[in-house]
>>> print(open('run-v8.cif').read())   # mmCIF, C-alpha atoms and all ligand atoms
data_structure
#
loop_
_atom_site.label_atom_id
_atom_site.label_comp_id
_atom_site.auth_asym_id
_atom_site.auth_seq_id
_atom_site.Cartn_x
_atom_site.Cartn_y
_atom_site.Cartn_z
CA MET A 1 59.97 -54.81 -19.04
CA LYS A 2 58.36 -57.71 -20.91
CA ARG A 3 55.32 -56.61 -22.91
CA GLY A 4 51.95 -58.07 -21.86
CA VAL A 5 49.71 -60.22 -24.02
CA LEU A 6 46.77 -58.68 -25.84
CA MET A 7 43.78 -61.03 -25.83
CA ILE A 8 40.52 -60.46 -27.68
CA VAL A 9 37.44 -62.17 -26.30
CA SER A 10 34.40 -62.23 -28.57
CA GLY A 11 31.15 -64.13 -28.53
CA PRO A 12 27.48 -63.45 -29.06
CA SER A 13 25.45 -61.51 -26.57
CA GLY A 14 24.28 -64.13 -24.04
CA SER A 15 27.33 -66.39 -24.46
CA GLY A 16 28.46 -65.45 -20.97
CA LYS A 17 31.68 -63.80 -22.13
CA GLY A 18 31.07 -60.82 -19.83
CA THR A 19 30.89 -63.08 -16.77
CA ILE A 20 34.05 -64.91 -17.82
CA VAL A 21 35.96 -61.66 -18.41
CA LYS A 22 34.77 -60.29 -15.07
CA GLN A 23 36.37 -63.23 -13.27
CA LEU A 24 39.65 -62.69 -15.10
CA GLU A 25 39.71 -59.16 -13.73
CA ASN A 26 40.53 -60.56 -10.27
CA ASP A 27 44.02 -61.39 -11.52
CA ASP A 28 46.43 -58.50 -10.77
CA ASN A 29 48.36 -59.15 -13.95
CA ILE A 30 45.26 -58.72 -16.12
CA LYS A 31 43.70 -55.44 -17.19
CA VAL A 32 40.27 -55.56 -18.80
CA SER A 33 39.78 -52.64 -21.17
CA VAL A 34 36.65 -50.53 -20.56
CA SER A 35 34.94 -49.76 -23.87
CA ALA A 36 33.11 -46.63 -24.87
CA THR A 37 29.56 -46.91 -26.18
CA THR A 38 26.61 -44.81 -27.29
CA ARG A 39 24.22 -47.50 -25.95
CA LYS A 40 22.13 -46.45 -22.96
CA PRO A 41 23.22 -48.02 -19.64
CA ARG A 42 21.31 -51.12 -18.49
CA ALA A 43 20.20 -51.40 -14.86
CA GLY A 44 23.24 -51.67 -12.60
CA GLU A 45 25.74 -50.54 -15.23
CA GLU A 46 28.11 -47.77 -14.15
CA HIS A 47 29.95 -45.17 -16.21
CA GLY A 48 33.68 -45.92 -16.24
CA VAL A 49 33.17 -49.43 -14.84
CA HIS A 50 31.09 -51.32 -17.40
CA TYR A 51 31.43 -48.80 -20.20
CA TYR A 52 32.18 -45.14 -20.82
CA PHE A 53 28.68 -44.09 -21.84
CA MET A 54 28.77 -41.30 -24.42
CA GLU A 55 26.56 -39.32 -26.73
CA LYS A 56 27.02 -40.06 -30.42
CA ASP A 57 28.76 -36.75 -31.27
CA GLU A 58 31.19 -37.14 -28.35
CA PHE A 59 32.00 -40.70 -29.48
CA LEU A 60 32.56 -39.67 -33.09
CA SER A 61 34.82 -36.80 -32.08
CA CYS A 62 36.99 -39.26 -30.08
CA VAL A 63 37.21 -41.37 -33.26
CA ASP A 64 38.21 -38.29 -35.30
CA ASP A 65 40.88 -37.42 -32.73
CA GLY A 66 42.43 -40.89 -33.08
CA GLU A 67 41.59 -41.87 -29.51
CA MET A 68 40.02 -45.24 -30.42
CA LEU A 69 42.07 -48.34 -31.19
CA GLU A 70 39.01 -49.65 -33.07
CA TYR A 71 35.29 -49.02 -33.20
CA ASN A 72 32.17 -50.49 -34.71
CA GLU A 73 28.47 -49.95 -35.04
CA TYR A 74 26.54 -52.83 -33.48
CA CYS A 75 22.75 -53.07 -33.22
CA GLU A 76 22.44 -49.34 -33.97
CA ASN A 77 24.94 -48.21 -31.31
CA TYR A 78 28.63 -47.40 -31.50
CA TYR A 79 31.19 -49.32 -29.45
CA GLY A 80 34.91 -48.61 -29.33
CA THR A 81 38.15 -49.35 -27.48
CA PRO A 82 39.92 -46.26 -26.06
CA LEU A 83 43.65 -46.51 -26.82
CA MET A 84 44.60 -45.16 -23.40
CA GLY A 85 43.19 -48.33 -21.79
CA VAL A 86 45.42 -50.65 -23.82
CA GLU A 87 48.92 -49.55 -24.83
CA PRO A 88 50.18 -48.18 -21.48
CA PHE A 89 49.18 -51.42 -19.71
CA LEU A 90 50.80 -53.69 -22.31
CA LYS A 91 53.99 -51.63 -21.92
CA GLU A 92 53.79 -52.13 -18.15
CA GLY A 93 53.77 -55.88 -18.77
CA LYS A 94 50.10 -56.44 -17.99
CA ASP A 95 47.93 -58.72 -20.13
CA VAL A 96 45.07 -56.73 -21.62
CA ILE A 97 41.67 -58.25 -22.45
CA LEU A 98 39.42 -56.63 -25.06
CA GLU A 99 35.84 -57.85 -24.94
CA ILE A 100 34.86 -56.74 -28.44
CA ASP A 101 32.79 -57.91 -31.40
CA VAL A 102 34.03 -59.70 -34.51
CA ASN A 103 34.51 -56.51 -36.55
CA GLY A 104 36.58 -54.90 -33.82
CA ALA A 105 38.64 -58.10 -33.55
CA LYS A 106 39.39 -57.95 -37.27
CA GLN A 107 40.53 -54.31 -37.01
CA VAL A 108 42.77 -54.90 -33.98
CA SER A 109 44.41 -58.06 -35.31
CA LYS A 110 45.48 -56.16 -38.44
CA ILE A 111 47.46 -53.64 -36.42
CA MET A 112 48.57 -55.45 -33.23
CA LYS A 113 49.85 -58.86 -32.23
CA CYS A 114 47.05 -60.52 -30.28
CA VAL A 115 45.37 -63.83 -29.51
CA LYS A 116 41.71 -64.15 -30.51
CA LEU A 117 39.33 -66.27 -28.50
CA PHE A 118 35.64 -66.85 -29.17
CA ILE A 119 33.14 -67.94 -26.51
CA LEU A 120 30.40 -70.29 -27.77
CA PRO A 121 27.10 -71.10 -26.06
CA PRO A 122 26.47 -74.84 -25.53
CA SER A 123 23.42 -74.61 -27.86
CA MET A 124 21.39 -72.03 -29.79
CA GLN A 125 18.32 -72.83 -27.64
CA LEU A 126 20.25 -71.96 -24.51
CA LEU A 127 21.52 -68.75 -26.06
CA LYS A 128 17.96 -67.65 -26.83
CA LYS A 129 16.86 -68.59 -23.32
CA ARG A 130 19.72 -66.59 -21.77
CA LEU A 131 18.82 -63.54 -23.84
CA CYS A 132 15.13 -63.81 -22.89
CA LEU A 133 15.97 -64.26 -19.20
CA ARG A 134 18.10 -61.14 -19.30
CA GLY A 135 14.84 -59.29 -20.00
CA THR A 136 16.67 -56.14 -20.99
CA GLU A 137 15.72 -56.37 -24.64
CA THR A 138 12.50 -55.61 -26.50
CA GLU A 139 11.19 -58.39 -28.80
CA GLU A 140 12.65 -56.55 -31.79
CA ALA A 141 16.03 -56.01 -30.14
CA LEU A 142 16.08 -59.70 -29.14
CA ASN A 143 15.56 -60.81 -32.76
CA ILE A 144 18.27 -58.42 -33.97
CA ARG A 145 20.65 -59.88 -31.38
CA LEU A 146 19.80 -63.48 -32.34
CA ASN A 147 20.48 -62.78 -36.02
CA GLN A 148 23.64 -60.98 -35.01
CA ALA A 149 24.68 -64.01 -32.89
CA HIS A 150 24.39 -66.28 -35.93
CA PHE A 151 26.42 -63.88 -38.08
CA GLU A 152 29.11 -63.56 -35.39
CA MET A 153 29.41 -67.30 -34.86
CA GLU A 154 30.06 -67.76 -38.58
CA GLN A 155 33.13 -65.51 -38.12
CA ALA A 156 34.44 -67.67 -35.27
CA TYR A 157 36.28 -69.88 -37.78
CA ASN A 158 38.80 -67.03 -38.06
CA TYR A 159 39.66 -67.04 -34.36
CA ASP A 160 42.59 -68.79 -32.68
CA TYR A 161 40.60 -70.54 -29.94
CA LEU A 162 36.99 -71.58 -29.31
CA VAL A 163 35.74 -72.12 -25.75
CA VAL A 164 32.25 -73.52 -25.07
CA ASN A 165 30.74 -71.91 -22.00
CA ASP A 166 28.78 -74.79 -20.46
CA ASN A 167 30.27 -74.16 -17.03
CA ILE A 168 31.66 -70.79 -15.93
CA ASP A 169 34.54 -72.09 -13.80
CA ASP A 170 35.71 -74.49 -16.51
CA ALA A 171 35.46 -71.78 -19.16
CA VAL A 172 37.44 -69.30 -17.01
CA ASN A 173 40.15 -71.92 -16.42
CA LYS A 174 40.37 -72.62 -20.13
CA VAL A 175 40.74 -68.92 -20.96
CA LYS A 176 43.44 -68.55 -18.27
CA SER A 177 45.31 -71.56 -19.68
CA ILE A 178 45.23 -70.03 -23.15
CA LEU A 179 46.61 -66.77 -21.76
CA ILE A 180 49.44 -68.64 -20.02
CA ALA A 181 50.21 -70.58 -23.21
CA GLN A 182 50.29 -67.32 -25.18
CA ARG A 183 52.78 -65.80 -22.73
CA HIS A 184 55.09 -68.71 -23.56
CA ARG A 185 54.91 -68.46 -27.34
CA VAL A 186 58.43 -68.07 -28.75
CA PHE A 187 57.77 -64.51 -29.95
CA ASN A 188 56.78 -63.56 -26.40
CA MET A 189 59.80 -65.30 -24.81
CA LYS A 190 62.36 -64.26 -27.40
CA ASP A 191 64.00 -61.61 -25.17
CA LYS A 192 64.69 -64.23 -22.51
CA LEU A 193 66.19 -66.59 -25.05
CA ASP A 194 68.32 -63.75 -26.52
CA GLU A 195 69.55 -62.89 -23.01
CA LEU A 196 70.52 -66.50 -22.27
CA LEU A 197 72.38 -66.84 -25.53
CA LYS A 198 74.25 -63.53 -25.20
P1 LIG B 1 26.40 -55.14 -25.11
O1 LIG B 1 25.49 -54.08 -25.65
O2 LIG B 1 25.68 -56.46 -24.98
O3 LIG B 1 27.13 -54.74 -23.87
O4 LIG B 1 27.54 -55.39 -26.22
C1 LIG B 1 27.19 -55.64 -27.54
C2 LIG B 1 28.40 -56.10 -28.33
O5 LIG B 1 29.36 -55.05 -28.44
C3 LIG B 1 29.13 -57.29 -27.74
O6 LIG B 1 29.38 -58.24 -28.76
C4 LIG B 1 30.41 -56.72 -27.24
O7 LIG B 1 31.47 -57.65 -27.27
C5 LIG B 1 30.63 -55.62 -28.26
N1 LIG B 1 31.54 -54.60 -27.77
C6 LIG B 1 31.67 -54.13 -26.52
N2 LIG B 1 32.64 -53.22 -26.45
C7 LIG B 1 33.15 -53.12 -27.70
C8 LIG B 1 34.22 -52.34 -28.27
O8 LIG B 1 34.91 -51.57 -27.61
N3 LIG B 1 34.44 -52.49 -29.59
C9 LIG B 1 33.72 -53.33 -30.37
N4 LIG B 1 34.05 -53.43 -31.67
N5 LIG B 1 32.73 -54.10 -29.87
C10 LIG B 1 32.46 -53.99 -28.55
#
>>> encode(input="run-v8.cif", output="structure tokens")
Amino acid sequence: MKRGVLMIVSGPSGSGKGTIVKQLENDDNIKVSVSATTRKPRAGEEHGVHYYFMEKDEFLSCVDDGEMLEYNEYCENYYGTPLMGVEPFLKEGKDVILEIDVNGAKQVSKIMKCVKLFILPPSMQLLKKRLCLRGTETEEALNIRLNQAHFEMEQAYNYDYLVVNDNIDDAVNKVKSILIAQRHRVFNMKDKLDELLK
């Protein structure tokens, strides 16, 4: 069985990366990893669907038990990727998407072959507007997220691809094209070539 592609999708809160990733989920060959977090659920968010919502001590004991591929503290909450949502699917040949922050991306790319993609907002003004419209943040939390957005975008130089989200459908198509291109990199097609040359 050919191993799937591991793709990391990062971008500041309000860049629309969640909406893009959600659309990718409709593809049967793609598995979107569900992260664990100690953040409280927002309206409409479901345990096991959007996140595994956990208490801090439960989260940290999963980390101690080696159950997280990576984890990070972000805006005073922990976020992490449970290993069980990644490796078995890659082995099955599915492409796995991790929607994680820049620190998590750094950790994962040190230990696994992956392609790193960063979603950019069309402008900083629009990013601020999107965060305000979301209305889920207090004024203080909004400012923390805006500063965080700036910090994260500075790290985007280290990614493999940048996609500007000025239109959801276009952005989704670009991400899908990158995934297809990645599947055809020589290191991902090597087994086929070996077989043909046998
Ligand atoms: P939010 O609270 O807006 O859902 O997510 C905040 C940030 O945490 C986003 O940048 C998101 O990509 C990141 N994040 C979500 N899940 C994970 C994870 O499993 N690991 C890491 N390192 N970051 C995550």
>>> closest_atom_pairs(input="run-v8.cif", of="chain A", to="ligand LIG 1 (chain B)", cutoff="7 Å", atoms="all atoms listed in the file", output="JSON lines")
{"residue": "A:Ser10", "atom": "CA", "partner": "B:LIG1", "partner_atom": "O7", "distance": 5.6}
{"residue": "A:Gly11", "atom": "CA", "partner": "B:LIG1", "partner_atom": "O6", "distance": 6.2}
{"residue": "A:Pro12", "atom": "CA", "partner": "B:LIG1", "partner_atom": "O6", "distance": 5.6}
{"residue": "A:Ser13", "atom": "CA", "partner": "B:LIG1", "partner_atom": "O2", "distance": 5.3}
{"residue": "A:Ser35", "atom": "CA", "partner": "B:LIG1", "partner_atom": "O8", "distance": 4.2}
{"residue": "A:Ala36", "atom": "CA", "partner": "B:LIG1", "partner_atom": "O8", "distance": 5.9}
{"residue": "A:Arg39", "atom": "CA", "partner": "B:LIG1", "partner_atom": "O1", "distance": 6.7}
{"residue": "A:Glu70", "atom": "CA", "partner": "B:LIG1", "partner_atom": "N4", "distance": 6.4}
{"residue": "A:Tyr71", "atom": "CA", "partner": "B:LIG1", "partner_atom": "N4", "distance": 4.8}
{"residue": "A:Asn72", "atom": "CA", "partner": "B:LIG1", "partner_atom": "N4", "distance": 4.6}
{"residue": "A:Tyr74", "atom": "CA", "partner": "B:LIG1", "partner_atom": "O5", "distance": 6.2}
{"residue": "A:Tyr79", "atom": "CA", "partner": "B:LIG1", "partner_atom": "C8", "distance": 4.4}
{"residue": "A:Gly80", "atom": "CA", "partner": "B:LIG1", "partner_atom": "O8", "distance": 3.4}
{"residue": "A:Thr81", "atom": "CA", "partner": "B:LIG1", "partner_atom": "O8", "distance": 3.9}
{"residue": "A:Glu99", "atom": "CA", "partner": "B:LIG1", "partner_atom": "O7", "distance": 5.0}
{"residue": "A:Ile100", "atom": "CA", "partner": "B:LIG1", "partner_atom": "C10", "distance": 3.7}
{"residue": "A:Asp101", "atom": "CA", "partner": "B:LIG1", "partner_atom": "N5", "distance": 4.1}
{"residue": "A:Val102", "atom": "CA", "partner": "B:LIG1", "partner_atom": "N4", "distance": 6.9}
{"residue": "A:Asn103", "atom": "CA", "partner": "B:LIG1", "partner_atom": "N4", "distance": 5.8}
{"residue": "A:Gly104", "atom": "CA", "partner": "B:LIG1", "partner_atom": "N4", "distance": 3.6}
{"residue": "A:Ala105", "atom": "CA", "partner": "B:LIG1", "partner_atom": "N4", "distance": 6.8}
>>> residues_around(input="run-v8.cif", residues="Met189 of chain A", least_positions_apart="4", cutoff="12 Å", atoms="only C-alpha atoms", output="list in words")
Met1, Lys2, Arg3, Gly4, Val5, Ile180, Ala181, Gln182, Arg183, His184, Arg185, Leu193, Asp194, Glu195 and Leu196 of chain A
>>> residues_around(input="run-v8.cif", residues="Met84 of chain A", least_positions_apart="6", cutoff="9 Å", atoms="all atoms listed in the file", output="list in words")
Glu67, Met68 and Leu69 of chain A
>>> residues_around(input="run-v8.cif", residues="segment 152-166 of chain A", least_positions_apart="6", cutoff="10 Å", atoms="only C-alpha atoms", output="VMD selection string")
chain A and resid 8 to 13 15 to 17 20 101 to 103 105 to 106 114 to 123 126 146 172 174 to 175 178
>>> atom_distance(input="run-v8.cif", atom1="atom CA of Thr138 of chain A", atom2="atom CA of Gly44 of chain A")
18.0 Å
>>> residues_around(input="run-v8.cif", residues="His50 of chain A", least_positions_apart="4", cutoff="7 Å", atoms="only C-alpha atoms", output="PyMOL selection string")
chain A and resi 34+45-46
>>> closest_residue(input="run-v8.cif", among="A:Ala171, A:Ala141, A:Asp65, A:Ser33", to="Tyr52 of chain A", atoms="only C-alpha atoms")
A:Ser33
>>> atom_distance(input="run-v8.cif", atom1="atom CA of Phe187 of chain A", atom2="atom CA of Pro88 of chain A")
19.9 Å
>>> closest_residue(input="run-v8.cif", among="A:Lys40, A:Met124, A:Lys190, A:Glu139", to="Glu76 of chain A", atoms="only C-alpha atoms")
A:Lys40
>>> residues_around(input="run-v8.cif", residues="Lys94 of chain A", least_positions_apart="6", cutoff="7 Å", atoms="all atoms listed in the file", output="mmCIF file with C-alpha atoms, in the coordinates of the input")
data_model
loop_
_atom_site.group_PDB
_atom_site.id
_atom_site.type_symbol
_atom_site.label_atom_id
_atom_site.label_comp_id
_atom_site.auth_asym_id
_atom_site.auth_seq_id
_atom_site.Cartn_x
_atom_site.Cartn_y
_atom_site.Cartn_z
ATOM 1 C CA GLY A 4 51.950 -58.070 -21.860
ATOM 2 C CA ASN A 29 48.360 -59.150 -13.950
ATOM 3 C CA ILE A 30 45.260 -58.720 -16.120
ATOM 4 C CA LYS A 31 43.700 -55.440 -17.190
#
>>> atom_distance(input="run-v8.cif", atom1="atom CA of Glu55 of chain A", atom2="atom CA of Cys75 of chain A")
15.7 Å
>>> closest_residue(input="run-v8.cif", among="A:Arg145, A:Lys56, A:Lys113, A:Lys198", to="Thr37 of chain A", atoms="all atoms listed in the file")
A:Lys56
>>> closest_residue(input="run-v8.cif", among="A:Ile111, A:Leu142, A:Met54, A:Cys62", to="Asn77 of chain A", atoms="all atoms listed in the file")
A:Met54
>>> closest_residue(input="run-v8.cif", among="A:Lys22, A:Ser61, A:Asn143, A:Val108", to="Leu83 of chain A", atoms="all atoms listed in the file")
A:Val108
>>> closest_residue(input="run-v8.cif", among="A:Ala43, A:Ile97, A:Val63, A:Leu131", to="Lys176 of chain A", atoms="only C-alpha atoms")
A:Ile97
